[in-house]
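Enquirer: Sharing a structure here in structure tokens format.
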Amino acid sequence: KSYRVAILGATGAVGTELLELLASRNFPIADLKLLASERSAGKTLNFKGENLVIESVSDRSFENVDIVLASAGGGTSKTWASVAVEKGAVVIDNSSAFRMNPDVPLIVPEVNPEAAATHKGIIANPNCTTILMTLAVWPLHQVKPVKRIIAATYQSASGAGAKAMEEVKIQTAAILQGQQPVAEVLPYPLAFNLFPHNSPLTDVGYCEEELKMVNETRKIFGDQDIRITATCVRVPVLRAHSEAINLEFETPFNPDEARAILSNAPGVKLVEDWQRNYFPMPIDASGKDEVLVGRIRQDISHACGLELWLCGDQIRKGAALNAVQIAELLVEKNLLK
Ligand code: A2P
């Protein structure tokens with residue numbers, strides 16, 4: 001059996017990766033529709049050697065579609081998801097619009113695939129930083145429950161979209177030529193710099209990105225008691241996020257045991273060479289499916305603490321790959337309408 005798929009936001013950083021992944025993973029496609037804004041209508045994108053014409057999204061876009069992969073921002077998803085569901089499609093939404101809606105499953109296929117069975121037409125793809133963290137923490141949490149997570153992130157420009165990635169390159173070139181960098185997409189120059197994450201600040205003093213890590217992880221793990229705090233920072237890296245994660249358990253967690261568990265965990269690749277001081281780096285994680293995890297060590301400040309470090313491709317596992325895996329899960333479990 002094959003399926004009629006639409007990509008909403010096909011021209012974006014995540015949209016183009018979705019196109020690549022549907023082709024390389026041989027997703028069973030009967031028909032593929034590329035949707036974006038009016039700005040892109042009429043342009044073409046290549047899929048398996050064929051040039052497909054991009055359409056401007058409208059009511060009619062969702063007729064005769066089985067699966068919508070949406071990655072065009074929260075506002076666009078809010079406008080079009082219900083239209084698509086009404087017309088009979090299942091929407092896998094990459095925006096934050098529906099993630100905390102109790103009627104919408106929030107899924108990392110390696111962690112909570114069973115949640116897919118409860119969907120009512122919309123499934124949310126979690127925040128990129130959250131997806132990467134859950135892949136490393138869930139397998140440990142299965143063996144010994146995590147009480148508290150303290151995370152610090154080093155997030156790439158890609159999370160802010162293709163235009164932000166381009167801006168960092170232009171800023172870098174400008175600085176190397178002795179010119180002032182210009183920031184238009186991101187709030188401040190990112191080249192040769194970093195700044196606390198640019199998502200809106202909330203009244204508890206955390207930015208929205210930090211609260212996504214808190215609330216989404218609890219929802220994905222099905223554990224409202226787990227305590228989580230995070231500091232999210234943008235760094236001048238193009239497409240892979242890094243995270244320093246401190247985990248506190250009820251009882252000590254032997255680092256070698258954690259290493260053994262993570263070397264067999266789905267979606268995770270253990271990367272550690274203590275002799276060479278070689279550990280996960282964004283440059284190595286870029287373009288890869290797996291989250292690279294390493295530098296696993298005993299927290300010297302807490303007997304029940306464990307430290308680890310990870311890097312993962314923001315566009316792939318942080319967004320497009322996770323969404324395609326959700327689509328594959330729906331096919332495998334026969335959960336499409
Ligand atoms: P377009 O290229 O036509 O603007 P990114 O996350 O890389 O910034 O990409 C955002 C994606 O969302 C692009 O494909 C963009 O299309 C699409 N998009 C943005 N606003 C709209 C809109 N109002 N309707 C449809 N697609 C949109």
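Every chain in the structure tokens has a letter given in the order shown (A, B, ...), and although residue numbers restart at 1 in each chain, ligands are simply numbered from 1 in the order shown.
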What lies within 10 Å of segment 276-278 of chain A using only C-alpha atoms, ignoring chain neighbours under 5 positions off, as a VMD selection string?
Expert: chain A and resid 271 294 to 295
Enquirer: Within 9 Å of ligand 1, counting only C-alpha atoms and all ligand atoms, which protein or nucleic acid residues do you find, written as a tab-separated table (two decimals) with N, CA and C atoms, in the first residue's frame?
Expert:
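See part.tsv below for the written result:
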```
chain	number	residue	atom	x	y	z
A	7	ILE	N	3.62	17.94	2.12
A	7	ILE	CA	4.55	18.63	3.01
A	7	ILE	C	4.16	20.10	3.05
A	8	LEU	N	3.78	20.57	4.22
A	8	LEU	CA	3.43	21.99	4.39
A	8	LEU	C	4.68	22.70	4.93
A	9	GLY	N	5.21	23.63	4.14
A	9	GLY	CA	6.49	24.28	4.49
A	9	GLY	C	7.63	23.57	3.78
A	10	ALA	N	7.36	23.11	2.55
A	10	ALA	CA	8.31	22.27	1.81
A	10	ALA	C	9.62	22.97	1.49
A	11	THR	N	9.60	24.31	1.44
A	11	THR	CA	10.82	25.04	1.06
A	11	THR	C	11.74	25.33	2.25
A	12	GLY	N	11.29	25.05	3.45
A	12	GLY	CA	12.07	25.41	4.64
A	12	GLY	C	13.18	24.43	4.94
A	13	ALA	N	13.94	24.73	6.02
A	13	ALA	CA	15.06	23.88	6.42
A	13	ALA	C	14.55	22.46	6.70
A	14	VAL	N	13.45	22.35	7.43
A	14	VAL	CA	12.90	21.04	7.77
A	14	VAL	C	12.19	20.43	6.56
A	15	GLY	N	11.46	21.26	5.81
A	15	GLY	CA	10.71	20.78	4.64
A	15	GLY	C	11.60	20.09	3.62
A	16	THR	N	12.73	20.70	3.31
A	16	THR	CA	13.63	20.10	2.31
A	16	THR	C	14.24	18.80	2.84
A	35	LEU	N	3.69	22.07	-0.41
A	35	LEU	CA	2.94	23.29	-0.09
A	35	LEU	C	3.82	24.28	0.65
A	36	ALA	N	3.67	25.54	0.31
A	36	ALA	CA	4.39	26.61	1.02
A	36	ALA	C	3.56	27.88	0.89
A	37	SER	N	4.18	29.03	1.09
A	37	SER	CA	3.43	30.28	0.99
A	37	SER	C	3.35	30.71	-0.48
A	38	GLU	N	2.61	31.79	-0.71
A	38	GLU	CA	2.48	32.32	-2.08
A	38	GLU	C	3.85	32.66	-2.68
A	39	ARG	N	4.78	33.05	-1.78
A	39	ARG	CA	6.13	33.44	-2.24
A	39	ARG	C	6.80	32.33	-3.05
A	40	SER	N	6.47	31.08	-2.72
A	40	SER	CA	7.17	29.95	-3.36
A	40	SER	C	6.35	29.29	-4.46
A	41	ALA	N	5.10	29.69	-4.61
A	41	ALA	CA	4.23	29.03	-5.60
A	41	ALA	C	4.87	29.06	-6.98
A	54	ILE	N	5.77	23.56	-6.50
A	54	ILE	CA	5.26	23.96	-5.18
A	54	ILE	C	3.96	24.73	-5.34
A	56	SER	N	0.84	27.06	-3.48
A	56	SER	CA	0.52	27.91	-2.34
A	56	SER	C	-0.63	27.23	-1.58
A	57	VAL	N	-0.48	27.12	-0.25
A	57	VAL	CA	-1.46	26.36	0.54
A	57	VAL	C	-2.85	27.00	0.51
A	58	SER	N	-3.88	26.16	0.35
A	58	SER	CA	-5.27	26.64	0.36
A	58	SER	C	-6.16	25.50	0.87
A	70	ALA	N	3.72	18.79	8.56
A	70	ALA	CA	3.66	20.25	8.62
A	70	ALA	C	4.87	20.82	9.32
A	71	SER	N	5.54	21.76	8.66
A	71	SER	CA	6.67	22.45	9.27
A	71	SER	C	6.77	23.85	8.71
A	72	ALA	N	5.73	24.64	8.99
A	72	ALA	CA	5.68	26.00	8.43
A	72	ALA	C	5.36	27.01	9.53
A	73	GLY	N	5.70	26.67	10.78
A	73	GLY	CA	5.44	27.58	11.89
A	73	GLY	C	4.10	27.33	12.55
A	75	GLY	N	1.68	29.38	13.56
A	75	GLY	CA	0.51	30.08	13.04
A	75	GLY	C	-0.09	29.35	11.85
A	76	THR	N	0.78	28.92	10.95
A	76	THR	CA	0.33	28.21	9.75
A	76	THR	C	-0.32	26.88	10.15
A	77	SER	N	0.27	26.19	11.11
A	77	SER	CA	-0.32	24.93	11.57
A	77	SER	C	-1.69	25.16	12.19
A	79	THR	N	-3.79	27.43	11.50
A	79	THR	CA	-4.75	27.73	10.43
A	79	THR	C	-5.15	26.46	9.67
A	80	TRP	N	-4.18	25.58	9.36
A	80	TRP	CA	-4.45	24.52	8.39
A	80	TRP	C	-4.64	23.12	8.95
A	158	SER	N	19.91	26.44	12.86
A	158	SER	CA	18.85	25.80	12.08
A	158	SER	C	17.50	25.78	12.78
A	159	GLY	N	17.51	25.76	14.11
A	159	GLY	CA	16.24	25.78	14.86
A	159	GLY	C	15.43	27.02	14.55
A	160	ALA	N	16.08	28.08	14.10
A	160	ALA	CA	15.38	29.31	13.74
A	160	ALA	C	15.09	29.37	12.24
A	161	GLY	N	15.36	28.26	11.53
A	161	GLY	CA	15.00	28.18	10.13
A	161	GLY	C	16.15	28.41	9.16
A	162	ALA	N	15.86	28.13	7.89
A	162	ALA	CA	16.87	28.22	6.83
A	162	ALA	C	17.46	29.63	6.74
A	163	LYS	N	16.62	30.64	6.95
A	163	LYS	CA	17.09	32.03	6.81
A	163	LYS	C	18.09	32.38	7.90
A	164	ALA	N	17.91	31.81	9.08
A	164	ALA	CA	18.85	32.06	10.18
A	164	ALA	C	20.20	31.41	9.89
A	165	MET	N	20.18	30.22	9.27
A	165	MET	CA	21.44	29.56	8.90
A	165	MET	C	22.21	30.42	7.90
```
Enquirer: Identify, with DSSP run on backbone atoms, the residues in segment 124-318 of chain A assigned to strand (DSSP E), and express the list as a ChimeraX atom specification.
Expert: /A:124,146-155,195-196,227-234,240-249,268-270,291-298,305-313
Enquirer: Take the residues from that selection and write them out as a compact mmCIF listing (two decimals), in the first residue's frame, keeping C-alpha atoms.
Expert:
```txt
# COMPACT_ATOMS: atom_id res chain seq x y z
CA ALA A 124 2.81 16.55 17.48
CA VAL A 146 15.50 9.87 37.02
CA LYS A 147 14.46 12.29 39.78
CA ARG A 148 15.88 15.49 38.35
CA ILE A 149 17.44 16.69 35.09
CA ILE A 150 19.62 19.80 34.81
CA ALA A 151 20.34 20.65 31.18
CA ALA A 152 22.39 23.31 29.41
CA THR A 153 22.04 23.51 25.66
CA TYR A 154 24.20 24.79 22.82
CA GLN A 155 21.72 25.23 19.98
CA PHE A 195 23.22 34.41 23.35
CA PRO A 196 20.49 32.97 25.59
CA ARG A 227 12.00 17.68 37.98
CA ILE A 228 13.69 19.45 35.08
CA THR A 229 15.53 22.73 34.68
CA ALA A 230 17.30 24.03 31.59
CA THR A 231 19.33 26.92 30.25
CA CYS A 232 19.09 27.18 26.46
CA VAL A 233 21.70 29.04 24.46
CA ARG A 234 22.14 29.72 20.75
CA ALA A 240 23.40 20.33 15.22
CA HIS A 241 22.47 20.96 18.83
CA SER A 242 24.63 19.98 21.81
CA GLU A 243 23.47 19.43 25.39
CA ALA A 244 25.22 19.03 28.74
CA ILE A 245 22.94 16.94 30.92
CA ASN A 246 23.14 16.24 34.64
CA LEU A 247 20.91 13.44 35.87
CA GLU A 248 20.02 12.73 39.49
CA PHE A 249 18.73 9.27 40.43
CA VAL A 268 21.75 6.58 20.11
CA LYS A 269 25.42 6.16 19.22
CA LEU A 270 28.00 6.08 21.98
CA VAL A 291 22.15 11.22 18.64
CA LEU A 292 25.82 11.00 19.64
CA VAL A 293 26.25 10.54 23.41
CA GLY A 294 29.44 10.46 25.44
CA ARG A 295 31.52 11.84 28.26
CA ILE A 296 29.45 9.79 30.67
CA ARG A 297 30.85 10.26 34.14
CA GLN A 298 30.07 10.21 37.82
CA GLY A 305 24.40 12.05 39.91
CA LEU A 306 25.53 11.25 36.40
CA GLU A 307 26.90 13.66 33.78
CA LEU A 308 26.62 13.21 30.03
CA TRP A 309 27.09 15.14 26.84
CA LEU A 310 25.25 14.75 23.53
CA CYS A 311 25.07 16.18 20.02
CA GLY A 312 22.32 15.57 17.49
CA ASP A 313 21.31 16.91 14.10
```
Enquirer: Name all residues at most 12 Å from Lys1 of chain A (count only C-alpha atoms; drop same-chain ones fewer than 4 positions away) and give them as a list of chain:residue names.
Expert: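 Returned residues: A:Phe27, A:Pro28, A:Ile29, A:Ala30, A:Asp66, A:Val331, A:Glu332, A:Asn334, A:Leu336.
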Enquirer: Between atom CA of Pro280 of chain A and atom CA of Ala260 of chain A, what is the spacing in Å?
Expert: 16.9 Å
Enquirer: Counting only C-alpha atoms, what is within 12 Å of Ser82 of chain A, bar same-chain residues fewer than 4 positions away, as a list in words?
Expert: Asp59, Phe62, Val68, Thr76, Ser77, Lys78, Glu86, Lys87, Gly88, Ala89, Val90, Val91, Ile92, Asp93, Ala97, Phe98, Lys120, Gly121, Ile122 and Ile123 of chain A
Enquirer: With distances taken over only C-alpha atoms, which of A:His119, A:Lys43, A:Arg259, A:His197 is nearest to Ile326 of chain A?
Expert: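 Among the listed residues, A:His119 lies closest to Ile326 of chain A.
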Enquirer: Find the residues around Glu208 of chain A up to 9 Å (only C-alpha atoms counted), leave out those fewer than 4 positions away in its own chain, and share them as a list of chain:residue names.
Expert: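 Counting only C-alpha atoms, the residues come to A:His197, A:Asn198, A:Ser199, A:Pro200, A:Leu201, A:Thr202, A:Lys212, A:Met213.
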Enquirer: With only C-alpha atoms as the counted atoms, please give the residues lying no more than 12 Å from Thr118 of chain A, apart from itself and same-chain residues fewer than 4 positions off, as a list of chain:residue names.
Expert: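 Counting only the stated atoms, we get A:Pro102, A:Asp103, A:Val104, A:Pro105, A:Leu106, A:Ile107, A:Asn112, A:Pro113, A:Glu114, A:Ile122, A:Ile123, A:Leu330, A:Lys333, A:Leu335, A:Leu336.
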Enquirer: Generate a file of the selected residues that holds C-alpha atoms, formatted as an mmCIF file, in the first residue's frame.
Expert:
```
data_model
loop_
_atom_site.group_PDB
_atom_site.id
_atom_site.type_symbol
_atom_site.label_atom_id
_atom_site.label_comp_id
_atom_site.auth_asym_id
_atom_site.auth_seq_id
_atom_site.Cartn_x
_atom_site.Cartn_y
_atom_site.Cartn_z
ATOM 1 C CA PRO A 102 -4.096 16.714 25.971
ATOM 2 C CA ASP A 103 -5.883 15.341 22.880
ATOM 3 C CA VAL A 104 -2.684 15.376 20.832
ATOM 4 C CA PRO A 105 -0.040 12.674 21.288
ATOM 5 C CA LEU A 106 3.532 13.987 21.504
ATOM 6 C CA ILE A 107 5.799 11.276 20.162
ATOM 7 C CA ASN A 112 6.540 6.404 23.489
ATOM 8 C CA PRO A 113 5.327 4.851 20.199
ATOM 9 C CA GLU A 114 2.235 3.491 21.975
ATOM 10 C CA ILE A 122 -3.090 15.428 14.852
ATOM 11 C CA ILE A 123 0.200 14.106 16.220
ATOM 12 C CA LEU A 330 1.324 5.122 11.607
ATOM 13 C CA LYS A 333 0.437 0.103 13.151
ATOM 14 C CA LEU A 335 -3.239 4.068 12.343
ATOM 15 C CA LEU A 336 -4.086 6.170 9.295
#
```
Enquirer: In terms of the shortest atom-to-atom distance over only C-alpha atoms, which of A:Ser286, A:Asp256, A:Lys337, A:Ile261 is closest to Val65 of chain A?
Expert: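 Of A:Ser286, A:Asp256, A:Lys337, A:Ile261, the one nearest Val65 of chain A, counting only C-alpha atoms, is A:Lys337.
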Enquirer: Considering only C-alpha atoms, state which residue in the set A:Gln180, A:Phe221, A:Thr129, A:Leu69 is at the smallest distance from Gln142 of chain A.
Expert: A:Phe221
Enquirer: Could you check how far atom CA of Ile170 of chain A sits from atom CA of Lys288 of chain A, in Å to one decimal?
Expert: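 Here the two named atoms are 25.0 Å from each other.
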